[in-house]
Amino acid sequence: MSRSTRLRRFFFFFVGTLLQKGGQFLLLPLLIGSMDSGEFARFGLFTAVTFILVPLFSLNVHISAGRLFFDHADRRDQASLFVTLLTSGMAFVAGGVVLLCCLLQLVGLADPLTLGDPLLMSLVGASVISAVPVQFFGLLFRLVDRPSRFALVSALLGFGLLAVYAALEGFFTDKLMASVVAYLVNNLLTTIIGAAFARRYLARGRFRRSAVSHAISFGSGTMVQNVVSWVNAQSGRWIGTLVMPVSALAGYTLMTYAAMAANLAANVLFETVRIDIMNAHVKGDPGRSRQIVDRTLGISILAVVLLYAIVLGLQTWQDQLLPPGYHVGVDLVYAALAFSVFQIVFMRAFWLATTHKRTKSLASAMVVMAVITVGLSWLFGRWYGDLGLMVGSAIGAFLQAVTGNLLMWWLVVRKRPATPSGG
């Protein structure tokens with residue numbers, strides 16, 4: 001691949017993700033200005049629920065094309081894979097959401113997000129389902145190397161949400177309800193536009209039941225990775241409700257968004273070279289594949305350190321920038337930095353596992369780390385409040401990074417010596 005093609009791909013993937021998340025992060029000041037600290041903390045629970053329930057219910061079959069796509073050279077086979085994975089992912093998530101909502105209604109449980117409101121529960125469930133095609137089309141445009149279309153869909157996701165919430169917010173007294181409705185409406189609009197652009201890649205595709213089992217086998221491992229990432233990054237929002245008032249979590253919730261931005265920066269860099277990583281592997285050059293992963297890891301860590309330097313600079317002006325109740329201590333920022341760096345080091349193990357289809361092997365170790373993280377977050381949260389929640393997550397991320405990379409060294413690198421990569 002020429003340097004100009006690689007730079008073009010990087011530019012559109014970077015700009016697309018920046019537009020998507022930039023709009024969502026620009027939404028935060030609007031949310032903070034329109035919500036009290038309790039509503040904002042509940043909004044954090046909403047985004048956390050969406051993040052966890054989609055992979056948990058779908059088993060990540062709708063995004064398993066991120067690896068399985070490279071096993072197919074025929075366009076019709078690729079189209080059938082896309083059709084099968086999208087249909088299966090939607091069906092799995094819809095079934096899981098309906099089952100969960102019925103269960104919550106039967107037991108009469110007032111969870112801290114919906115507070116038992118049936119309408120809000122239904123809207124949250126619909127929002128979770130709507131996230132499946134949005135994620136799928138974003139991945140599809142990366143796989144078929146159409147970065148400009150990825151950038152367009154990403155811009156709709158980010159700034160569309162900002163525009164829809166700004167338009168709807170005045171019609172709702174409950175601002176959390178307004179944010180959920182805006183999220184759902186924007187996802188539906190993005191899905192329609194994404195499907196229009198993607199129809200040529202889905203044309204002539206047929207549902208193939210045999211592909212579902214392969215997708216589940218591979219996707220279930222990445223599902224565990226998503227769940228553990230959620231446990232490390234966002235479970236503190238829920239654990240915190242057990243050990244402190246919800247309103248006291250506003251500053252912590254704000255820092256978890258900073259950690260999400262850091263993770264996003266690394267994900268952008270890795271996704272930009274996904275095609276290079278996978279193609280090098282399927283062409284029989286795992287050494288070159290690992291070389292790309294390692295180089296991207298180094299750049300990602302540098303990008304994250306620079307991002308947190310900006311956060312530390314803004315932290316000194318927080319009294320002028322943030323309303324009362326959103327205080328962020330400098331120790332909390334440093335704990336979040338440590339968490340982000342360890343999380344990115346773990347990405348090396350994840351990408352090696354994805355390339356070699358060893359996701360289930362990695363998932364086994366990650367489950368143990370998730371349990372440890374929850375225990376540490378709960379314990380430290382009781383002792384040190386929001387700082388303790390972040391420290392527990394950082395320790396869990398460290399253990400996960402060390403364990404994951406050692407496991408991949410044992411299963412992949414040690415047993416498969418690197419072949420000459422030709423530079």
# chains A, B, ... in the order shown; residues from 1 in each chain; ligands from 1
$ residues_around --residues "Gly138 in chain A" --least-positions-apart "2" --cutoff "8 Å" --atoms "only C-alpha atoms" --output "list in words"
Val134, Gln135, Phe136, Leu140, Phe141, Arg142, Phe150, Val153 and Ser154 of chain A
$ write_last_selection --atoms "all heavy atoms" --output "tab-separated table (two decimals), in the first residue's frame"
chain	number	residue	atom	x	y	z
A	134	VAL	N	-25.59	0.91	14.05
A	134	VAL	CA	-24.64	2.03	14.03
A	134	VAL	C	-23.21	1.50	14.13
A	134	VAL	O	-22.31	1.90	13.36
A	134	VAL	CB	-24.95	2.99	15.18
A	134	VAL	CG1	-23.79	3.96	15.40
A	134	VAL	CG2	-26.23	3.77	14.90
A	135	GLN	N	-22.95	0.59	15.07
A	135	GLN	CA	-21.63	0.00	15.20
A	135	GLN	C	-21.26	-0.81	13.97
A	135	GLN	O	-20.12	-0.77	13.49
A	135	GLN	CB	-21.58	-0.89	16.44
A	135	GLN	CG	-21.71	-0.15	17.75
A	135	GLN	CD	-21.71	-1.08	18.95
A	135	GLN	OE1	-21.57	-2.30	18.82
A	135	GLN	NE2	-21.87	-0.52	20.14
A	136	PHE	N	-22.24	-1.54	13.43
A	136	PHE	CA	-21.98	-2.40	12.28
A	136	PHE	C	-21.56	-1.60	11.06
A	136	PHE	O	-20.56	-1.93	10.40
A	136	PHE	CB	-23.23	-3.23	11.96
A	136	PHE	CG	-23.11	-4.04	10.70
A	136	PHE	CD1	-22.46	-5.26	10.70
A	136	PHE	CD2	-23.64	-3.57	9.51
A	136	PHE	CE1	-22.34	-6.00	9.55
A	136	PHE	CE2	-23.54	-4.32	8.35
A	136	PHE	CZ	-22.88	-5.53	8.36
A	140	LEU	N	-18.14	-1.70	8.90
A	140	LEU	CA	-18.18	-2.09	7.49
A	140	LEU	C	-17.38	-1.12	6.63
A	140	LEU	O	-16.59	-1.56	5.76
A	140	LEU	CB	-19.64	-2.15	7.01
A	140	LEU	CG	-19.89	-2.61	5.56
A	140	LEU	CD1	-21.23	-3.33	5.46
A	140	LEU	CD2	-19.86	-1.44	4.58
A	141	PHE	N	-17.54	0.16	6.83
A	141	PHE	CA	-16.83	1.13	6.00
A	141	PHE	C	-15.33	1.10	6.26
A	141	PHE	O	-14.54	1.43	5.36
A	141	PHE	CB	-17.39	2.54	6.22
A	141	PHE	CG	-18.80	2.70	5.73
A	141	PHE	CD1	-19.78	3.27	6.54
A	141	PHE	CD2	-19.16	2.26	4.47
A	141	PHE	CE1	-21.08	3.41	6.09
A	141	PHE	CE2	-20.47	2.40	4.00
A	141	PHE	CZ	-21.43	2.97	4.82
A	142	ARG	N	-14.92	0.71	7.46
A	142	ARG	CA	-13.49	0.54	7.69
A	142	ARG	C	-12.96	-0.70	6.96
A	142	ARG	O	-11.88	-0.68	6.38
A	142	ARG	CB	-13.21	0.42	9.20
A	142	ARG	CG	-13.45	1.71	9.96
A	142	ARG	CD	-12.76	1.70	11.32
A	142	ARG	NE	-13.24	0.66	12.19
A	142	ARG	CZ	-14.19	0.82	13.10
A	142	ARG	NH1	-14.78	1.99	13.22
A	142	ARG	NH2	-14.56	-0.17	13.87
A	150	PHE	N	-16.95	6.43	6.26
A	150	PHE	CA	-16.84	6.27	7.71
A	150	PHE	C	-16.84	7.63	8.38
A	150	PHE	O	-17.51	7.84	9.40
A	150	PHE	CB	-15.57	5.50	8.07
A	150	PHE	CG	-15.24	5.53	9.54
A	150	PHE	CD1	-15.90	4.70	10.43
A	150	PHE	CD2	-14.28	6.40	10.03
A	150	PHE	CE1	-15.61	4.73	11.79
A	150	PHE	CE2	-13.99	6.44	11.39
A	150	PHE	CZ	-14.65	5.61	12.26
A	153	VAL	N	-20.48	9.12	8.32
A	153	VAL	CA	-21.36	8.49	9.30
A	153	VAL	C	-20.95	8.89	10.72
A	153	VAL	O	-21.80	9.13	11.58
A	153	VAL	CB	-21.34	6.96	9.13
A	153	VAL	CG1	-22.05	6.27	10.28
A	153	VAL	CG2	-22.01	6.57	7.81
A	154	SER	N	-19.65	8.98	10.96
A	154	SER	CA	-19.16	9.36	12.28
A	154	SER	C	-19.58	10.79	12.62
A	154	SER	O	-19.95	11.08	13.76
A	154	SER	CB	-17.64	9.23	12.34
A	154	SER	OG	-17.24	7.89	12.16
$ residues_around --residues "Val273 in chain A" --least-positions-apart "3" --cutoff "10 Å" --atoms "only C-alpha atoms" --output "VMD selection string"
chain A and resid 6 9 to 10 268 to 270 276 to 279 289 292 to 293 296
$ residues_around --residues "Ala73 in chain A" --least-positions-apart "5" --cutoff "12 Å" --atoms "only C-alpha atoms" --output "ChimeraX atom specification"
/A:68,78-79,81,144,279,282
$ closest_residue --among "A:Asp331, A:Asp285, A:Asp145, A:Asp36" --to "Tyr201 in chain A" --atoms "only C-alpha atoms"
A:Asp145
$ select_by_dssp --residues "range 85-173 of chain A" --states "helix (DSSP H, G or I)" --output "PyMOL selection string"
chain A and resi 85-107+118-143+147-171
$ closest_residue --among "A:Phe57, A:Trp317, A:Trp409, A:Tyr334" --to "Gly96 in chain A" --atoms "only C-alpha atoms"
A:Phe57
$ decode --residues "range 289-301 of chain A" --atoms "N, CA, C and O atoms" --output "PDB file, in the first residue's frame"
ATOM      1  N   SER A 289       3.073  -8.351  11.211  1.00  0.00           N
ATOM      2  CA  SER A 289       1.830  -7.998  11.881  1.00  0.00           C
ATOM      3  C   SER A 289       2.097  -7.511  13.303  1.00  0.00           C
ATOM      4  O   SER A 289       1.572  -6.477  13.726  1.00  0.00           O
ATOM      5  N   ARG A 290       2.928  -8.229  14.042  1.00  0.00           N
ATOM      6  CA  ARG A 290       3.255  -7.822  15.413  1.00  0.00           C
ATOM      7  C   ARG A 290       4.044  -6.524  15.435  1.00  0.00           C
ATOM      8  O   ARG A 290       3.891  -5.703  16.343  1.00  0.00           O
ATOM      9  N   GLN A 291       4.872  -6.332  14.425  1.00  0.00           N
ATOM     10  CA  GLN A 291       5.653  -5.098  14.352  1.00  0.00           C
ATOM     11  C   GLN A 291       4.743  -3.882  14.233  1.00  0.00           C
ATOM     12  O   GLN A 291       4.962  -2.857  14.885  1.00  0.00           O
ATOM     13  N   ILE A 292       3.694  -4.006  13.425  1.00  0.00           N
ATOM     14  CA  ILE A 292       2.740  -2.905  13.265  1.00  0.00           C
ATOM     15  C   ILE A 292       2.008  -2.647  14.580  1.00  0.00           C
ATOM     16  O   ILE A 292       1.793  -1.501  14.986  1.00  0.00           O
ATOM     17  N   VAL A 293       1.627  -3.728  15.260  1.00  0.00           N
ATOM     18  CA  VAL A 293       0.931  -3.592  16.541  1.00  0.00           C
ATOM     19  C   VAL A 293       1.816  -2.872  17.561  1.00  0.00           C
ATOM     20  O   VAL A 293       1.367  -1.940  18.250  1.00  0.00           O
ATOM     21  N   ASP A 294       3.076  -3.279  17.664  1.00  0.00           N
ATOM     22  CA  ASP A 294       3.976  -2.689  18.651  1.00  0.00           C
ATOM     23  C   ASP A 294       4.248  -1.209  18.361  1.00  0.00           C
ATOM     24  O   ASP A 294       4.307  -0.386  19.280  1.00  0.00           O
ATOM     25  N   ARG A 295       4.423  -0.891  17.087  1.00  0.00           N
ATOM     26  CA  ARG A 295       4.665   0.509  16.727  1.00  0.00           C
ATOM     27  C   ARG A 295       3.445   1.371  17.062  1.00  0.00           C
ATOM     28  O   ARG A 295       3.580   2.477  17.600  1.00  0.00           O
ATOM     29  N   THR A 296       2.258   0.849  16.779  1.00  0.00           N
ATOM     30  CA  THR A 296       1.032   1.595  17.072  1.00  0.00           C
ATOM     31  C   THR A 296       0.843   1.764  18.574  1.00  0.00           C
ATOM     32  O   THR A 296       0.339   2.798  19.039  1.00  0.00           O
ATOM     33  N   LEU A 297       1.245   0.764  19.352  1.00  0.00           N
ATOM     34  CA  LEU A 297       1.153   0.857  20.812  1.00  0.00           C
ATOM     35  C   LEU A 297       1.980   2.023  21.337  1.00  0.00           C
ATOM     36  O   LEU A 297       1.499   2.818  22.167  1.00  0.00           O
ATOM     37  N   GLY A 298       3.210   2.157  20.854  1.00  0.00           N
ATOM     38  CA  GLY A 298       4.066   3.243  21.314  1.00  0.00           C
ATOM     39  C   GLY A 298       3.495   4.615  21.003  1.00  0.00           C
ATOM     40  O   GLY A 298       3.491   5.520  21.849  1.00  0.00           O
ATOM     41  N   ILE A 299       2.982   4.780  19.788  1.00  0.00           N
ATOM     42  CA  ILE A 299       2.385   6.052  19.392  1.00  0.00           C
ATOM     43  C   ILE A 299       1.146   6.343  20.233  1.00  0.00           C
ATOM     44  O   ILE A 299       0.884   7.487  20.632  1.00  0.00           O
ATOM     45  N   SER A 300       0.366   5.294  20.535  1.00  0.00           N
ATOM     46  CA  SER A 300      -0.862   5.463  21.316  1.00  0.00           C
ATOM     47  C   SER A 300      -0.565   5.958  22.727  1.00  0.00           C
ATOM     48  O   SER A 300      -1.256   6.843  23.244  1.00  0.00           O
ATOM     49  N   ILE A 301       0.443   5.382  23.355  1.00  0.00           N
ATOM     50  CA  ILE A 301       0.795   5.807  24.719  1.00  0.00           C
ATOM     51  C   ILE A 301       1.222   7.273  24.722  1.00  0.00           C
ATOM     52  O   ILE A 301       0.835   8.051  25.609  1.00  0.00           O
TER      53      ILE A 301
END
